[in-house]
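Have a look at work38.tsv; it's TSV, N, CA and C atoms:
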```
chain	number	residue	atom	x	y	z
A	1	MET	N	23.75	-46.05	-63.55
A	1	MET	CA	22.48	-45.46	-63.18
A	1	MET	C	22.67	-44.01	-62.73
A	2	LYS	N	23.76	-43.77	-62.01
A	2	LYS	CA	24.01	-42.41	-61.52
A	2	LYS	C	24.20	-41.43	-62.67
A	3	ASP	N	24.83	-41.90	-63.75
A	3	ASP	CA	25.02	-41.04	-64.92
A	3	ASP	C	23.68	-40.67	-65.55
A	4	ALA	N	22.75	-41.62	-65.59
A	4	ALA	CA	21.43	-41.35	-66.15
A	4	ALA	C	20.67	-40.35	-65.30
A	5	ILE	N	20.80	-40.45	-63.99
A	5	ILE	CA	20.13	-39.51	-63.10
A	5	ILE	C	20.71	-38.11	-63.25
A	6	GLU	N	22.03	-38.02	-63.35
A	6	GLU	CA	22.67	-36.71	-63.55
A	6	GLU	C	22.26	-36.11	-64.90
A	7	ALA	N	22.17	-36.94	-65.93
A	7	ALA	CA	21.74	-36.46	-67.24
A	7	ALA	C	20.29	-35.97	-67.20
A	8	ALA	N	19.44	-36.69	-66.47
A	8	ALA	CA	18.04	-36.27	-66.33
A	8	ALA	C	17.94	-34.95	-65.58
A	9	ALA	N	18.75	-34.80	-64.54
A	9	ALA	CA	18.75	-33.56	-63.77
A	9	ALA	C	19.21	-32.39	-64.63
A	10	LEU	N	20.23	-32.62	-65.44
A	10	LEU	CA	20.71	-31.57	-66.33
A	10	LEU	C	19.66	-31.21	-67.38
A	11	LEU	N	18.98	-32.20	-67.92
A	11	LEU	CA	17.93	-31.96	-68.91
A	11	LEU	C	16.78	-31.16	-68.31
A	12	VAL	N	16.35	-31.53	-67.11
A	12	VAL	CA	15.25	-30.82	-66.45
A	12	VAL	C	15.67	-29.39	-66.12
A	13	THR	N	16.92	-29.19	-65.72
A	13	THR	CA	17.41	-27.84	-65.46
A	13	THR	C	17.37	-26.99	-66.73
A	14	ALA	N	17.83	-27.56	-67.83
A	14	ALA	CA	17.80	-26.83	-69.10
A	14	ALA	C	16.37	-26.51	-69.53
A	15	LEU	N	15.49	-27.47	-69.38
A	15	LEU	CA	14.08	-27.23	-69.72
A	15	LEU	C	13.47	-26.15	-68.82
A	16	GLY	N	13.87	-26.14	-67.57
A	16	GLY	CA	13.38	-25.12	-66.64
A	16	GLY	C	13.82	-23.72	-67.04
A	17	VAL	N	15.08	-23.59	-67.43
A	17	VAL	CA	15.59	-22.28	-67.85
A	17	VAL	C	14.90	-21.83	-69.13
A	18	VAL	N	14.74	-22.74	-70.08
A	18	VAL	CA	14.05	-22.39	-71.33
A	18	VAL	C	12.60	-22.01	-71.05
A	19	SER	N	11.93	-22.75	-70.18
A	19	SER	CA	10.54	-22.43	-69.83
A	19	SER	C	10.44	-21.08	-69.15
A	20	PHE	N	11.39	-20.80	-68.25
A	20	PHE	CA	11.41	-19.51	-67.56
A	20	PHE	C	11.56	-18.37	-68.57
A	21	LEU	N	12.53	-18.50	-69.46
A	21	LEU	CA	12.76	-17.44	-70.45
A	21	LEU	C	11.58	-17.27	-71.38
A	22	THR	N	10.97	-18.37	-71.79
A	22	THR	CA	9.80	-18.31	-72.66
A	22	THR	C	8.62	-17.65	-71.95
A	23	ALA	N	8.37	-18.05	-70.71
A	23	ALA	CA	7.26	-17.47	-69.96
A	23	ALA	C	7.48	-15.99	-69.71
A	24	TYR	N	8.72	-15.62	-69.39
A	24	TYR	CA	9.01	-14.20	-69.14
A	24	TYR	C	8.89	-13.38	-70.42
A	25	ALA	N	9.36	-13.93	-71.54
A	25	ALA	CA	9.26	-13.22	-72.81
A	25	ALA	C	7.81	-13.05	-73.24
A	26	ALA	N	6.99	-14.05	-72.97
A	26	ALA	CA	5.60	-14.00	-73.39
A	26	ALA	C	4.75	-13.08	-72.51
A	27	THR	N	5.04	-13.08	-71.21
A	27	THR	CA	4.18	-12.33	-70.29
A	27	THR	C	4.81	-11.07	-69.74
A	28	ARG	N	6.14	-10.98	-69.79
A	28	ARG	CA	6.88	-9.86	-69.17
A	28	ARG	C	6.51	-9.72	-67.70
A	29	SER	N	6.26	-10.87	-67.07
A	29	SER	CA	5.87	-10.89	-65.66
A	29	SER	C	6.74	-11.89	-64.91
A	30	ILE	N	7.52	-11.38	-63.99
A	30	ILE	CA	8.34	-12.26	-63.16
A	30	ILE	C	7.45	-13.09	-62.24
A	31	ARG	N	6.26	-12.58	-61.96
A	31	ARG	CA	5.30	-13.28	-61.09
A	31	ARG	C	4.87	-14.61	-61.71
A	32	VAL	N	4.85	-14.68	-63.02
A	32	VAL	CA	4.51	-15.92	-63.71
A	32	VAL	C	5.75	-16.79	-63.93
A	33	ALA	N	6.85	-16.18	-64.31
A	33	ALA	CA	8.03	-16.93	-64.74
A	33	ALA	C	8.83	-17.52	-63.57
A	34	LEU	N	9.00	-16.78	-62.50
A	34	LEU	CA	9.85	-17.25	-61.40
A	34	LEU	C	9.34	-18.52	-60.73
A	35	PRO	N	8.07	-18.61	-60.39
A	35	PRO	CA	7.59	-19.87	-59.79
A	35	PRO	C	7.77	-21.07	-60.74
A	36	LEU	N	7.67	-20.83	-62.03
A	36	LEU	CA	7.88	-21.90	-63.00
A	36	LEU	C	9.31	-22.42	-62.92
A	37	LEU	N	10.28	-21.52	-62.91
A	37	LEU	CA	11.68	-21.91	-62.80
A	37	LEU	C	11.94	-22.64	-61.48
A	38	LEU	N	11.42	-22.12	-60.40
A	38	LEU	CA	11.66	-22.74	-59.10
A	38	LEU	C	11.00	-24.11	-58.98
A	39	ASP	N	9.89	-24.33	-59.66
A	39	ASP	CA	9.28	-25.66	-59.69
A	39	ASP	C	10.20	-26.66	-60.40
A	40	PHE	N	10.79	-26.22	-61.51
A	40	PHE	CA	11.72	-27.08	-62.22
A	40	PHE	C	12.94	-27.38	-61.34
A	41	LEU	N	13.46	-26.37	-60.65
A	41	LEU	CA	14.62	-26.59	-59.79
A	41	LEU	C	14.30	-27.51	-58.61
A	42	THR	N	13.07	-27.44	-58.12
A	42	THR	CA	12.64	-28.37	-57.08
A	42	THR	C	12.63	-29.80	-57.62
A	43	ALA	N	12.13	-29.94	-58.85
A	43	ALA	CA	12.13	-31.27	-59.48
A	43	ALA	C	13.55	-31.80	-59.65
A	44	VAL	N	14.48	-30.92	-60.01
A	44	VAL	CA	15.88	-31.34	-60.15
A	44	VAL	C	16.43	-31.81	-58.82
A	45	GLY	N	16.13	-31.11	-57.76
A	45	GLY	CA	16.59	-31.53	-56.44
A	45	GLY	C	16.06	-32.90	-56.06
A	46	LEU	N	14.80	-33.15	-56.38
A	46	LEU	CA	14.22	-34.45	-56.07
A	46	LEU	C	14.81	-35.55	-56.94
A	47	ILE	N	15.10	-35.24	-58.21
A	47	ILE	CA	15.76	-36.21	-59.08
A	47	ILE	C	17.14	-36.55	-58.53
A	48	ARG	N	17.87	-35.54	-58.11
A	48	ARG	CA	19.21	-35.79	-57.57
A	48	ARG	C	19.15	-36.61	-56.27
A	49	LEU	N	18.09	-36.43	-55.50
A	49	LEU	CA	17.94	-37.25	-54.29
A	49	LEU	C	17.79	-38.73	-54.63
A	50	ALA	N	17.22	-39.02	-55.79
A	50	ALA	CA	17.08	-40.42	-56.20
A	50	ALA	C	18.43	-41.07	-56.44
A	51	GLY	N	19.42	-40.26	-56.83
A	51	GLY	CA	20.72	-40.82	-57.13
A	51	GLY	C	21.71	-40.74	-55.98
A	52	ASP	N	21.56	-39.76	-55.12
A	52	ASP	CA	22.55	-39.54	-54.06
A	52	ASP	C	21.83	-39.07	-52.80
A	53	LEU	N	21.60	-39.99	-51.90
A	53	LEU	CA	20.89	-39.65	-50.67
A	53	LEU	C	21.89	-39.24	-49.59
A	54	ALA	N	22.62	-38.16	-49.88
A	54	ALA	CA	23.60	-37.62	-48.94
A	54	ALA	C	23.02	-36.36	-48.29
A	55	TRP	N	23.57	-36.00	-47.15
A	55	TRP	CA	23.07	-34.82	-46.44
A	55	TRP	C	23.22	-33.55	-47.27
A	56	SER	N	24.30	-33.44	-48.04
A	56	SER	CA	24.48	-32.24	-48.85
A	56	SER	C	23.39	-32.10	-49.90
A	57	THR	N	22.98	-33.21	-50.48
A	57	THR	CA	21.90	-33.19	-51.47
A	57	THR	C	20.57	-32.87	-50.81
A	58	ILE	N	20.35	-33.42	-49.64
A	58	ILE	CA	19.11	-33.14	-48.91
A	58	ILE	C	19.03	-31.66	-48.54
A	59	VAL	N	20.12	-31.11	-48.04
A	59	VAL	CA	20.15	-29.70	-47.65
A	59	VAL	C	19.93	-28.80	-48.86
A	60	LEU	N	20.55	-29.12	-49.99
A	60	LEU	CA	20.37	-28.32	-51.20
A	60	LEU	C	18.91	-28.35	-51.67
A	61	THR	N	18.29	-29.52	-51.62
A	61	THR	CA	16.89	-29.63	-52.03
A	61	THR	C	15.98	-28.86	-51.09
A	62	VAL	N	16.23	-28.94	-49.81
A	62	VAL	CA	15.44	-28.18	-48.83
A	62	VAL	C	15.62	-26.68	-49.05
A	63	ALA	N	16.82	-26.25	-49.37
A	63	ALA	CA	17.07	-24.83	-49.63
A	63	ALA	C	16.30	-24.34	-50.85
A	64	VAL	N	16.27	-25.14	-51.90
A	64	VAL	CA	15.52	-24.75	-53.10
A	64	VAL	C	14.04	-24.66	-52.79
A	65	ILE	N	13.53	-25.61	-52.03
A	65	ILE	CA	12.10	-25.58	-51.67
A	65	ILE	C	11.80	-24.36	-50.80
A	66	ALA	N	12.69	-24.03	-49.88
A	66	ALA	CA	12.49	-22.85	-49.02
A	66	ALA	C	12.49	-21.57	-49.86
A	67	VAL	N	13.42	-21.47	-50.80
A	67	VAL	CA	13.46	-20.30	-51.68
A	67	VAL	C	12.18	-20.22	-52.49
A	68	ARG	N	11.69	-21.37	-52.96
A	68	ARG	CA	10.45	-21.42	-53.74
A	68	ARG	C	9.28	-20.87	-52.91
A	69	LYS	N	9.20	-21.30	-51.67
A	69	LYS	CA	8.10	-20.85	-50.81
A	69	LYS	C	8.20	-19.36	-50.51
A	70	VAL	N	9.39	-18.89	-50.19
A	70	VAL	CA	9.58	-17.47	-49.87
A	70	VAL	C	9.32	-16.61	-51.10
A	71	ALA	N	9.81	-17.04	-52.24
A	71	ALA	CA	9.61	-16.27	-53.48
A	71	ALA	C	8.13	-16.23	-53.85
A	72	ALA	N	7.45	-17.33	-53.73
A	72	ALA	CA	6.02	-17.36	-54.04
A	72	ALA	C	5.24	-16.45	-53.09
A	73	PHE	N	5.61	-16.46	-51.83
A	73	PHE	CA	4.95	-15.59	-50.86
A	73	PHE	C	5.23	-14.12	-51.18
A	74	GLY	N	6.49	-13.80	-51.50
A	74	GLY	CA	6.87	-12.43	-51.82
A	74	GLY	C	6.20	-11.92	-53.08
A	75	VAL	N	6.09	-12.75	-54.09
A	75	VAL	CA	5.44	-12.34	-55.33
A	75	VAL	C	3.95	-12.12	-55.09
A	76	THR	N	3.35	-12.98	-54.29
A	76	THR	CA	1.92	-12.84	-53.99
A	76	THR	C	1.67	-11.55	-53.18
A	77	GLU	N	2.52	-11.29	-52.21
A	77	GLU	CA	2.37	-10.08	-51.39
A	77	GLU	C	2.55	-8.82	-52.22
A	78	ASN	N	3.53	-8.79	-53.11
A	78	ASN	CA	3.77	-7.62	-53.94
A	78	ASN	C	2.66	-7.39	-54.95
A	79	SER	N	2.06	-8.44	-55.47
A	79	SER	CA	1.00	-8.27	-56.45
A	79	SER	C	-0.29	-7.81	-55.80
A	80	ALA	N	-0.47	-8.08	-54.50
A	80	ALA	CA	-1.68	-7.67	-53.79
A	80	ALA	C	-1.65	-6.19	-53.43
A	81	ALA	N	-0.47	-5.61	-53.34
A	81	ALA	CA	-0.34	-4.21	-52.93
A	81	ALA	C	-0.67	-3.24	-54.03
```
How does the structure come out when it is put into structure tokens?
Amino acid sequence: MKDAIEAAALLVTALGVVSFLTAYAATRSIRVALPLLLDFLTAVGLIRLAGDLAWSTIVLTVAVIAVRKVAAFGVTENSAA
């Protein structure tokens, strides 16, 4: 089961990178592409939590979510100026 979860996490990561690159190429806007990538990385963290409920995995997932929130706030603030 752990192998399937790791494979799913790897697949979602790859899809996130492809989606990020596609969105950036189409819009030339990091404001659109970055939150998309960070959403995928958040999903990967949650998938990994399903397989390994260790403190290191929890901390990594919380860090990705914090970066997502800070990046979204920073992009919103910069676009308003």
From A:Ala4, A:Leu41, A:Val17, A:Leu36, residue lying nearest Val64 of chain A [only C-alpha atoms]
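Looking at the shortest contact to Val64 of chain A, the residue is A:Leu41.
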Which distance in Å separates atom CA of Thr27 of chain A and atom C of Val70 of chain A, to one decimal?
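Those two atoms sit 20.3 Å apart.
Distance annotation: of A:Val67, A:Ala54, A:Val18, A:Ile5, the residue with the minimal separation from Leu38 of chain A is A:Val67; atom set is all atoms listed in the file.
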What does the structure give for the distance between atom C of Thr61 of chain A and atom N of Arg48 of chain A, in Å to one decimal?
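Distance between the two atoms: 9.9 Å.
Considering only N, CA and C atoms, the residue among A:Glu6, A:Thr22, A:Met1, A:Thr13 positioned nearest to Val44 of chain A is A:Thr13.
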Segment 5-16 of chain A from the block above, N, CA, C and O atoms, as a tab-separated table (two decimals), in the first residue's frame, please?
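Output file out-v7.tsv is given in full below:
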```tsv
chain	number	residue	atom	x	y	z
A	5	ILE	N	0.88	4.62	-2.54
A	5	ILE	CA	0.76	6.00	-2.08
A	5	ILE	C	1.93	6.84	-2.57
A	5	ILE	O	1.75	7.97	-3.03
A	6	GLU	N	3.13	6.28	-2.51
A	6	GLU	CA	4.31	7.00	-3.02
A	6	GLU	C	4.20	7.23	-4.53
A	6	GLU	O	4.56	8.30	-5.02
A	7	ALA	N	3.69	6.24	-5.26
A	7	ALA	CA	3.50	6.39	-6.70
A	7	ALA	C	2.46	7.48	-7.01
A	7	ALA	O	2.64	8.28	-7.93
A	8	ALA	N	1.40	7.51	-6.22
A	8	ALA	CA	0.36	8.54	-6.40
A	8	ALA	C	0.93	9.93	-6.11
A	8	ALA	O	0.65	10.89	-6.84
A	9	ALA	N	1.74	10.03	-5.07
A	9	ALA	CA	2.36	11.31	-4.73
A	9	ALA	C	3.29	11.78	-5.84
A	9	ALA	O	3.29	12.95	-6.21
A	10	LEU	N	4.05	10.85	-6.39
A	10	LEU	CA	4.95	11.20	-7.49
A	10	LEU	C	4.17	11.62	-8.73
A	10	LEU	O	4.53	12.60	-9.40
A	11	LEU	N	3.08	10.93	-9.03
A	11	LEU	CA	2.24	11.28	-10.17
A	11	LEU	C	1.63	12.67	-10.01
A	11	LEU	O	1.63	13.48	-10.94
A	12	VAL	N	1.11	12.96	-8.83
A	12	VAL	CA	0.50	14.27	-8.57
A	12	VAL	C	1.55	15.37	-8.64
A	12	VAL	O	1.30	16.46	-9.16
A	13	THR	N	2.76	15.09	-8.16
A	13	THR	CA	3.84	16.07	-8.27
A	13	THR	C	4.17	16.37	-9.73
A	13	THR	O	4.29	17.53	-10.12
A	14	ALA	N	4.27	15.32	-10.53
A	14	ALA	CA	4.56	15.50	-11.95
A	14	ALA	C	3.44	16.27	-12.65
A	14	ALA	O	3.70	17.18	-13.45
A	15	LEU	N	2.21	15.94	-12.33
A	15	LEU	CA	1.07	16.67	-12.92
A	15	LEU	C	1.07	18.14	-12.48
A	15	LEU	O	0.72	19.02	-13.27
A	16	GLY	N	1.47	18.38	-11.25
A	16	GLY	CA	1.55	19.76	-10.76
A	16	GLY	C	2.59	20.57	-11.50
A	16	GLY	O	2.35	21.72	-11.88
```
